[in-house]
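Participant: Take a look at this one; I'll ask things after.
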Number of protein chains: 2
Amino acid sequence: MDSAERAPASLPGPAVERAGTTGDPAGGASKRTGDRARRGVRTTASMADVARLAGVSSQTVSRVSNGYAGVHEETRRQVLAAMKELGYRPNSAARALKRGEFRTIGVITFTLATTGNVRTLEAIATSAAREGYAVTLLPVAVPTQDEVRGAFSRLEELAVDAVIVIMEVHLLDAVTITLPPHVQVVVVDSDAGDHYTVVDTDQAGGTRAAVQHLLDLGHRTVWHLGGPADSFAAQRRTDAWRAALTEAGRVPPPLIRGDWSAESGYRAGLELAAREDCTAVFAANDQMALGLLRALHERGRRVPEDVSVIGFDDIPEASSFLPPLTTVHQDFAEVGRLCVEAVLRKMRQEGPERGTTLVPTRLVLRESTAPPGRDPKRP
Amino acid sequence: MDSAERAPASLPGPAVERAGTTGDPAGGASKRTGDRARRGVRTTASMADVARLAGVSSQTVSRVSNGYAGVHEETRRQVLAAMKELGYRPNSAARALKRGEFRTIGVITFTLATTGNVRTLEAIATSAAREGYAVTLLPVAVPTQDEVRGAFSRLEELAVDAVIVIMEVHLLDAVTITLPPHVQVVVVDSDAGDHYTVVDTDQAGGTRAAVQHLLDLGHRTVWHLGGPADSFAAQRRTDAWRAALTEAGRVPPPLIRGDWSAESGYRAGLELAAREDCTAVFAANDQMALGLLRALHERGRRVPEDVSVIGFDDIPEASSFLPPLTTVHQDFAEVGRLCVEAVLRKMRQEGPERGTTLVPTRLVLRESTAPPGRDPKRP
DNA sequence: AGCTGTTATGTTTACGTAAACATCTGGTGG
DNA sequence: CCACCAGATGTTTACGTAAACATAACAGCT
């Protein structure tokens, strides 16, 4: 309880007063000195131990451990043997302290409920591992400024060299962030390319492909089931949808907004099903498209005969929807990979400080789209 | 001494003033020694800096930083002011080195493609943050022994105090794991409760509820679309399904196996749709149930009139399936929370070394189940 | 032989923090 | 009035690693 009370060392926190004893019930049975011996934690072997056993200096152990050339083969073998015998593991805290870097990337993201975030995170973790970096996860439960601020203040005292932010970054600007000065930031899902390094899916390109596909099929116009207003990705898709229609000389119907969830797609679908003039819908993600399909089905509007539906993301389940969903495929793996690449480049001061990288999309044709007015009753 | 060079905390300074060659200013103009000065990384303020500015010893700064009592209020204020002015952040590497702990939990998991893993991970991260711990993610791309070994060897030199393993642990036993001796392990999805501390969903309870529900509706027996053989969760669900049927005096039909994906559910569904005697199916997860629904629909078998379907997980989309899916709700958040709790308790040596904790499930009734043979044409 | 350069290894030092121990106040009670 | 105590603060030291510098051994060359 004592140790739990010891507030997690947060700087801004006015420092919880430590009541009572220091935590150790006076039983001074510890003859061992050393900090951690008292907690009963078995200390692991250090370089000095290995050096002693191998009969060399600890510096030579360090050289072997870091793979430097210039160590006699014989010596190296002895050192390696000693390491193995003692089960030596380099202490990463000491390494980080000495080297001034943690080899860790922090990832800040909202809820992991959306496929996109998760897939990107996974790709980031994989790419980072390949580069010898670990990934520390910082979930932000609710997208309020307070929560974001909280995540960042946790981050400030965290052992990271760089941060990747998977969310609309305007929330950040509103917050006064004070990151350790050398920490690099890369952002997904934002238009802040002039302030940050941004990697993102080509939302506009994907959207245009989707809209164009529907227009090519002969639909007069395309309705849009958009994502929440605070998502930049959603905003971009909505903008691109409008632009694509306008450029094609069509009148964009009123925007209908969901919140990414299938449930919101269902509600929107009930609305749309009531409109006879709605023959094509572009949903801003697959989940909402799923709800939309259900609503249309319930109201007796057939897909794709009466209404064409197209989604965004290409989640694995999309091919199992009823009917299988035509959708815009996002390459999350590539986004994650590029994020890591960008952030490492920034750390090495090899890359530009800012700018946006777009990852192309691909339209996946399945069975939820068809020419309009194809009524099997009047073939 | 060199405090003049430590720039007085102009916070948003990008600080790439070191022009010219990247790392080797040949005219050794740098009077500073020190490792990281040479890499052009601006050193952040240390305790010593704060102490100097506040006119106290660094130990007093440490006391303030860690919230110890016994610091005069006046002094504390001064120290806090100095910290703020310099933008001081405790160096977590030094802390970790000194304290012998990292305040970090490592999470090893297979692909983040399954909802369960992701939701559990998210809950772990949230709970850990609440306790002042960070979470480091270690994805294992493919469930081969080599991959697992790789993840663990990365882990060995990683800065973690504890590990939570989200996968069947038998893969681990086959691998020779050599973790730092004091690292605690908690496992999800395993029956290794006699070797490890295990937290898991009550697979058996949930399965029994599902099977019983179908039997109560009047179905003669229940078919099962199981998960992959290497998943313990899948195994448990399959075992419980057999047991529940047997106890009720029914004959378990042959097992059909999928791989968790909707696609595999679809393939299985095509098979099941061909069998007139199949009136009820229990799918081991919701994704497979989705594929199953599609196959049944394609083959003209109505759900729930001709076939009842029940899933497992209760993913958010389940309520938007066609029809909305009756399924077993898993409380992933609770699983994650308990994992963190267990692992922290182990670290503090307050809890048992091994044993299994089960988290109860809840059957969510929607519209994919009904009594058999209910033909709406003959009400 | 004497010099030079190369290779292999050892020694010193510093990274930032916090425990352990030491010192210095001012007040209290005998 | 002094011994004593407790609270407030300072000093020393060690955590494990790796850069920087130092040394030693030896081969090649004039």
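Just remember, in the structure tokens the first chain shown is A, the second B, etc., residues are 1-based per chain, and ligands are 1-based in the order shown.
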With chain B fixed, least-squares superpose chain A over all its C-alpha atoms paired in order and give the RMSD in Å.
Facilitator: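 Answer to one decimal place: 7.1 Å.
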Participant: Residues of chain C within 12 Å of chain A, counting only C-alpha atoms (C1' of nucleotides) - could you list those as a list in words?
Facilitator: DT6, DT7, DA8, DT9, DG10, DT11, DT12, DT13, DA14, DC15, DG16, DT17, DA18, DA19 and DA20 of chain C
Participant: Per residue of chain D within 10 Å of chain A, which atom pair is closest and at what distance in Å (one decimal), using only C-alpha atoms (C1' of nucleotides), listed by chain and increasing number, as CSV?
Facilitator:
residue,atom,partner,partner_atom,distance
D:DA14,C1',A:Gly34,CA,8.1
D:DC15,C1',A:Ala94,CA,8.1
D:DG16,C1',A:Ala94,CA,5.0
D:DT17,C1',A:Ala94,CA,5.4
D:DA18,C1',A:Lys98,CA,6.7
D:DA19,C1',A:Lys98,CA,9.1
Participant: Could you turn the residues from that selection into a file that holds N, CA and C atoms (P, O5', C5', C4', C3', O3' and C1' of nucleotides), as a CSV table (one decimal), in the first residue's frame?
Facilitator:
chain,number,residue,atom,x,y,z
D,14,DA,P,30.7,2.9,-2.9
D,14,DA,O5',29.5,2.3,-3.7
D,14,DA,C5',28.3,1.9,-3.1
D,14,DA,C4',27.2,1.7,-4.2
D,14,DA,C3',27.7,1.0,-5.4
D,14,DA,O3',26.8,0.0,-5.7
D,14,DA,C1',26.7,3.1,-6.0
D,15,DC,P,27.2,-1.1,-6.8
D,15,DC,O5',26.0,-1.0,-7.8
D,15,DC,C5',24.6,-1.0,-7.3
D,15,DC,C4',23.8,-0.4,-8.4
D,15,DC,C3',24.2,-0.8,-9.8
D,15,DC,O3',23.5,-2.0,-10.1
D,15,DC,C1',23.6,1.5,-9.7
D,16,DG,P,24.3,-3.3,-10.6
D,16,DG,O5',24.6,-3.0,-12.1
D,16,DG,C5',23.5,-2.9,-13.0
D,16,DG,C4',23.9,-2.4,-14.3
D,16,DG,C3',25.1,-3.2,-15.0
D,16,DG,O3',24.6,-3.5,-16.3
D,16,DG,C1',25.6,-0.9,-14.9
D,17,DT,P,25.6,-4.1,-17.4
D,17,DT,O5',26.0,-2.8,-18.1
D,17,DT,C5',25.0,-2.0,-18.8
D,17,DT,C4',25.6,-0.8,-19.4
D,17,DT,C3',26.6,-1.0,-20.5
D,17,DT,O3',26.0,-0.6,-21.7
D,17,DT,C1',27.3,0.7,-19.0
D,18,DA,P,26.8,-0.9,-23.1
D,18,DA,O5',27.7,0.3,-23.3
D,18,DA,C5',27.1,1.6,-23.5
D,18,DA,C4',28.2,2.6,-23.6
D,18,DA,C3',29.3,2.3,-24.7
D,18,DA,O3',29.7,3.6,-25.2
D,18,DA,C1',30.3,2.6,-22.6
D,19,DA,P,30.2,3.6,-26.7
D,19,DA,O5',30.9,5.0,-26.8
D,19,DA,C5',30.2,6.1,-26.3
D,19,DA,C4',31.2,7.1,-25.7
D,19,DA,C3',32.4,7.4,-26.6
D,19,DA,O3',32.7,8.8,-26.6
D,19,DA,C1',33.1,6.6,-24.4
Participant: Gln235 (chain B): which residues within 12 Å, counting only C-alpha atoms (C1' of nucleotides), same-chain residues fewer than 3 positions away excluded, as an mmCIF file with N, CA and C atoms, in the first residue's frame?
Facilitator:
data_model
loop_
_atom_site.group_PDB
_atom_site.id
_atom_site.type_symbol
_atom_site.label_atom_id
_atom_site.label_comp_id
_atom_site.auth_asym_id
_atom_site.auth_seq_id
_atom_site.Cartn_x
_atom_site.Cartn_y
_atom_site.Cartn_z
ATOM 1 N N GLU B 168 -1.664 -19.031 -26.225
ATOM 2 C CA GLU B 168 -1.506 -20.370 -25.686
ATOM 3 C C GLU B 168 -0.058 -20.563 -25.276
ATOM 4 N N ASP B 189 -5.413 -17.038 -21.890
ATOM 5 C CA ASP B 189 -5.641 -18.084 -22.883
ATOM 6 C C ASP B 189 -4.729 -19.292 -22.674
ATOM 7 N N SER B 190 -4.889 -19.946 -21.564
ATOM 8 C CA SER B 190 -4.102 -21.149 -21.334
ATOM 9 C C SER B 190 -4.731 -21.960 -20.204
ATOM 10 N N ASP B 191 -4.314 -23.207 -20.128
ATOM 11 C CA ASP B 191 -4.755 -24.007 -18.999
ATOM 12 C C ASP B 191 -3.566 -24.306 -18.086
ATOM 13 N N GLN B 203 -14.513 -19.743 -20.516
ATOM 14 C CA GLN B 203 -14.904 -20.324 -21.801
ATOM 15 C C GLN B 203 -15.988 -21.381 -21.618
ATOM 16 N N ALA B 204 -15.791 -22.213 -20.647
ATOM 17 C CA ALA B 204 -16.733 -23.319 -20.445
ATOM 18 C C ALA B 204 -18.109 -22.793 -20.065
ATOM 19 N N THR B 207 -19.814 -21.222 -23.031
ATOM 20 C CA THR B 207 -20.219 -22.243 -23.993
ATOM 21 C C THR B 207 -21.465 -22.982 -23.515
ATOM 22 N N HIS B 224 -21.165 -27.430 -33.988
ATOM 23 C CA HIS B 224 -20.152 -26.502 -33.478
ATOM 24 C C HIS B 224 -19.136 -26.163 -34.558
ATOM 25 N N LEU B 225 -18.941 -24.873 -34.726
ATOM 26 C CA LEU B 225 -17.900 -24.386 -35.629
ATOM 27 C C LEU B 225 -16.753 -23.895 -34.756
ATOM 28 N N GLY B 226 -15.746 -24.754 -34.619
ATOM 29 C CA GLY B 226 -14.678 -24.484 -33.657
ATOM 30 C C GLY B 226 -13.559 -23.633 -34.219
ATOM 31 N N GLY B 227 -12.727 -23.143 -33.311
ATOM 32 C CA GLY B 227 -11.567 -22.346 -33.708
ATOM 33 C C GLY B 227 -10.368 -23.233 -33.965
ATOM 34 N N PRO B 228 -9.246 -22.631 -34.299
ATOM 35 C CA PRO B 228 -8.049 -23.394 -34.659
ATOM 36 C C PRO B 228 -7.531 -24.245 -33.501
ATOM 37 N N ALA B 229 -6.908 -25.335 -33.860
ATOM 38 C CA ALA B 229 -6.506 -26.318 -32.854
ATOM 39 C C ALA B 229 -5.445 -25.785 -31.908
ATOM 40 N N ASP B 230 -4.669 -24.810 -32.342
ATOM 41 C CA ASP B 230 -3.585 -24.362 -31.477
ATOM 42 C C ASP B 230 -4.024 -23.293 -30.489
ATOM 43 N N SER B 231 -5.296 -22.961 -30.514
ATOM 44 C CA SER B 231 -5.778 -21.985 -29.546
ATOM 45 C C SER B 231 -6.414 -22.702 -28.371
ATOM 46 N N PHE B 232 -5.965 -22.353 -27.209
ATOM 47 C CA PHE B 232 -6.529 -22.987 -26.033
ATOM 48 C C PHE B 232 -7.979 -22.586 -25.844
ATOM 49 N N THR B 238 -14.635 -25.959 -27.487
ATOM 50 C CA THR B 238 -15.021 -27.223 -28.115
ATOM 51 C C THR B 238 -15.297 -28.296 -27.050
ATOM 52 N N ASP B 239 -14.406 -28.404 -26.088
ATOM 53 C CA ASP B 239 -14.584 -29.390 -25.018
ATOM 54 C C ASP B 239 -15.900 -29.165 -24.279
ATOM 55 N N ALA B 240 -16.145 -27.896 -23.949
ATOM 56 C CA ALA B 240 -17.341 -27.581 -23.175
ATOM 57 C C ALA B 240 -18.602 -27.864 -23.981
ATOM 58 N N TRP B 241 -18.530 -27.615 -25.275
ATOM 59 C CA TRP B 241 -19.678 -27.884 -26.144
ATOM 60 C C TRP B 241 -20.000 -29.377 -26.123
ATOM 61 N N ARG B 242 -18.966 -30.190 -26.254
ATOM 62 C CA ARG B 242 -19.169 -31.645 -26.209
ATOM 63 C C ARG B 242 -19.742 -32.079 -24.870
ATOM 64 N N LEU B 255 -17.290 -32.350 -35.310
ATOM 65 C CA LEU B 255 -16.750 -31.004 -35.158
ATOM 66 C C LEU B 255 -16.335 -30.436 -36.510
ATOM 67 N N ARG B 257 -14.084 -27.302 -38.111
ATOM 68 C CA ARG B 257 -13.078 -26.373 -37.604
ATOM 69 C C ARG B 257 -12.834 -25.216 -38.556
ATOM 70 N N GLY B 258 -12.740 -24.043 -37.983
ATOM 71 C CA GLY B 258 -12.341 -22.867 -38.755
ATOM 72 C C GLY B 258 -11.058 -22.305 -38.184
ATOM 73 N N ALA B 284 -17.495 -20.523 -32.629
ATOM 74 C CA ALA B 284 -16.555 -20.209 -31.553
ATOM 75 C C ALA B 284 -16.187 -18.735 -31.500
#
Participant: Near region 21-26 of chain C, within 9 Å and counting only C-alpha atoms (C1' of nucleotides), which residues show up once chain neighbours fewer than 4 positions away are dropped, as a list in words?
Facilitator: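 Those residues are DG7, DA8, DT9, DG10, DT11 and DT12 of chain D.
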Participant: Could you write out the selected residues, including C-alpha atoms (C1' of nucleotides), as a PDB file, in the first residue's frame?
Facilitator:
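To be explicit, this is the file written out as again.pdb:
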ATOM      1  C1'  DG D   7      13.123  18.018  11.443  1.00  0.00           C
ATOM      2  C1'  DA D   8      15.526  19.923   7.506  1.00  0.00           C
ATOM      3  C1'  DT D   9      19.184  19.679   4.531  1.00  0.00           C
ATOM      4  C1'  DG D  10      23.874  18.385   2.698  1.00  0.00           C
ATOM      5  C1'  DT D  11      27.561  14.799   1.318  1.00  0.00           C
ATOM      6  C1'  DT D  12      28.971  10.451  -0.217  1.00  0.00           C
TER       7       DT D  12
END
Participant: Extract the full set of strand (DSSP E) residues from region 35-275 of chain A according to DSSP on the backbone, and format it as a ChimeraX atom specification.
Facilitator: /A:104-109,134-139,162-166,184-188,197-201,223-226,256-257
Participant: Taking into account only C-alpha atoms, which residue in the set B:Val307, B:Ala333, B:Ala342, B:Val140 is nearest to chain A?
Facilitator: B:Val140
Participant: What is the CA of Ala274 (chain A) to CA of Gln287 (chain A) distance in Å?
Facilitator: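 Distance reported for this atom pair: 20.7 Å.
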Participant: Report as a ChimeraX atom specification all protein, DNA and RNA residues lying within 8 Å of Val198 (chain A), evaluated on only C-alpha atoms (C1' of nucleotides), omitting residues in the same chain fewer than 2 positions from it.
Facilitator: /A:186-193,196,200,354-357
Participant: Quick one: distance from CA of Leu322 (chain B) to CA of Ser308 (chain A) in Å, one decimal?
Facilitator: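 CA of Leu322 (chain B) sits 17.3 Å away from CA of Ser308 (chain A).
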Participant: Write down as a ChimeraX atom specification the residues belonging to region 181-262 of chain B that are assigned helix (DSSP H, G or I) by DSSP computed on the backbone.
Facilitator: /B:203-217,232-247,262
Participant: Find the distance between CA of Thr109 (chain B) and CA of Val160 (chain B) and write it in Å to one decimal.
Facilitator: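 Taking CA of Thr109 (chain B) and CA of Val160 (chain B), their separation equals 15.4 Å.
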Participant: Which residue, B:Val163, B:Val309, B:Leu215, B:Ile108, has the smallest gap to Thr197 (chain B) when you use only C-alpha atoms?
Facilitator: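 Counting only C-alpha atoms, the residue closest to Thr197 (chain B) is B:Val163.
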Participant: Would you pick out the contacts of Ser320 (chain A) at 9 Å or less, using only C-alpha atoms (C1' of nucleotides), so that residues sharing its chain but fewer than 6 positions from it are not included, and give the list as a list of chain:residue names?
Facilitator: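 The filter keeps B:Ala262, B:Glu263, B:Gly265, B:Tyr266, B:Gln287, B:Leu290, B:Gly291, B:Leu292, B:Leu293, B:Arg294, B:Ala295.
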Participant: Considering only C-alpha atoms, can you say which of B:Pro352, B:Gly106, B:Gly55, B:Gly311 comes closest to chain A?
Facilitator: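 Ranking B:Pro352, B:Gly106, B:Gly55, B:Gly311 by distance to chain A, first place goes to B:Gly106.
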Participant: Do you know which residues are at most 8 Å from Pro371 (chain B) counting only C-alpha atoms (C1' of nucleotides), after dropping those on the same chain fewer than 4 positions away, and could you put them as a list in words?
Facilitator: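 The residues that qualify are Leu214, Leu217, Gly218, His219, Glu305 and Ser308 of chain B.
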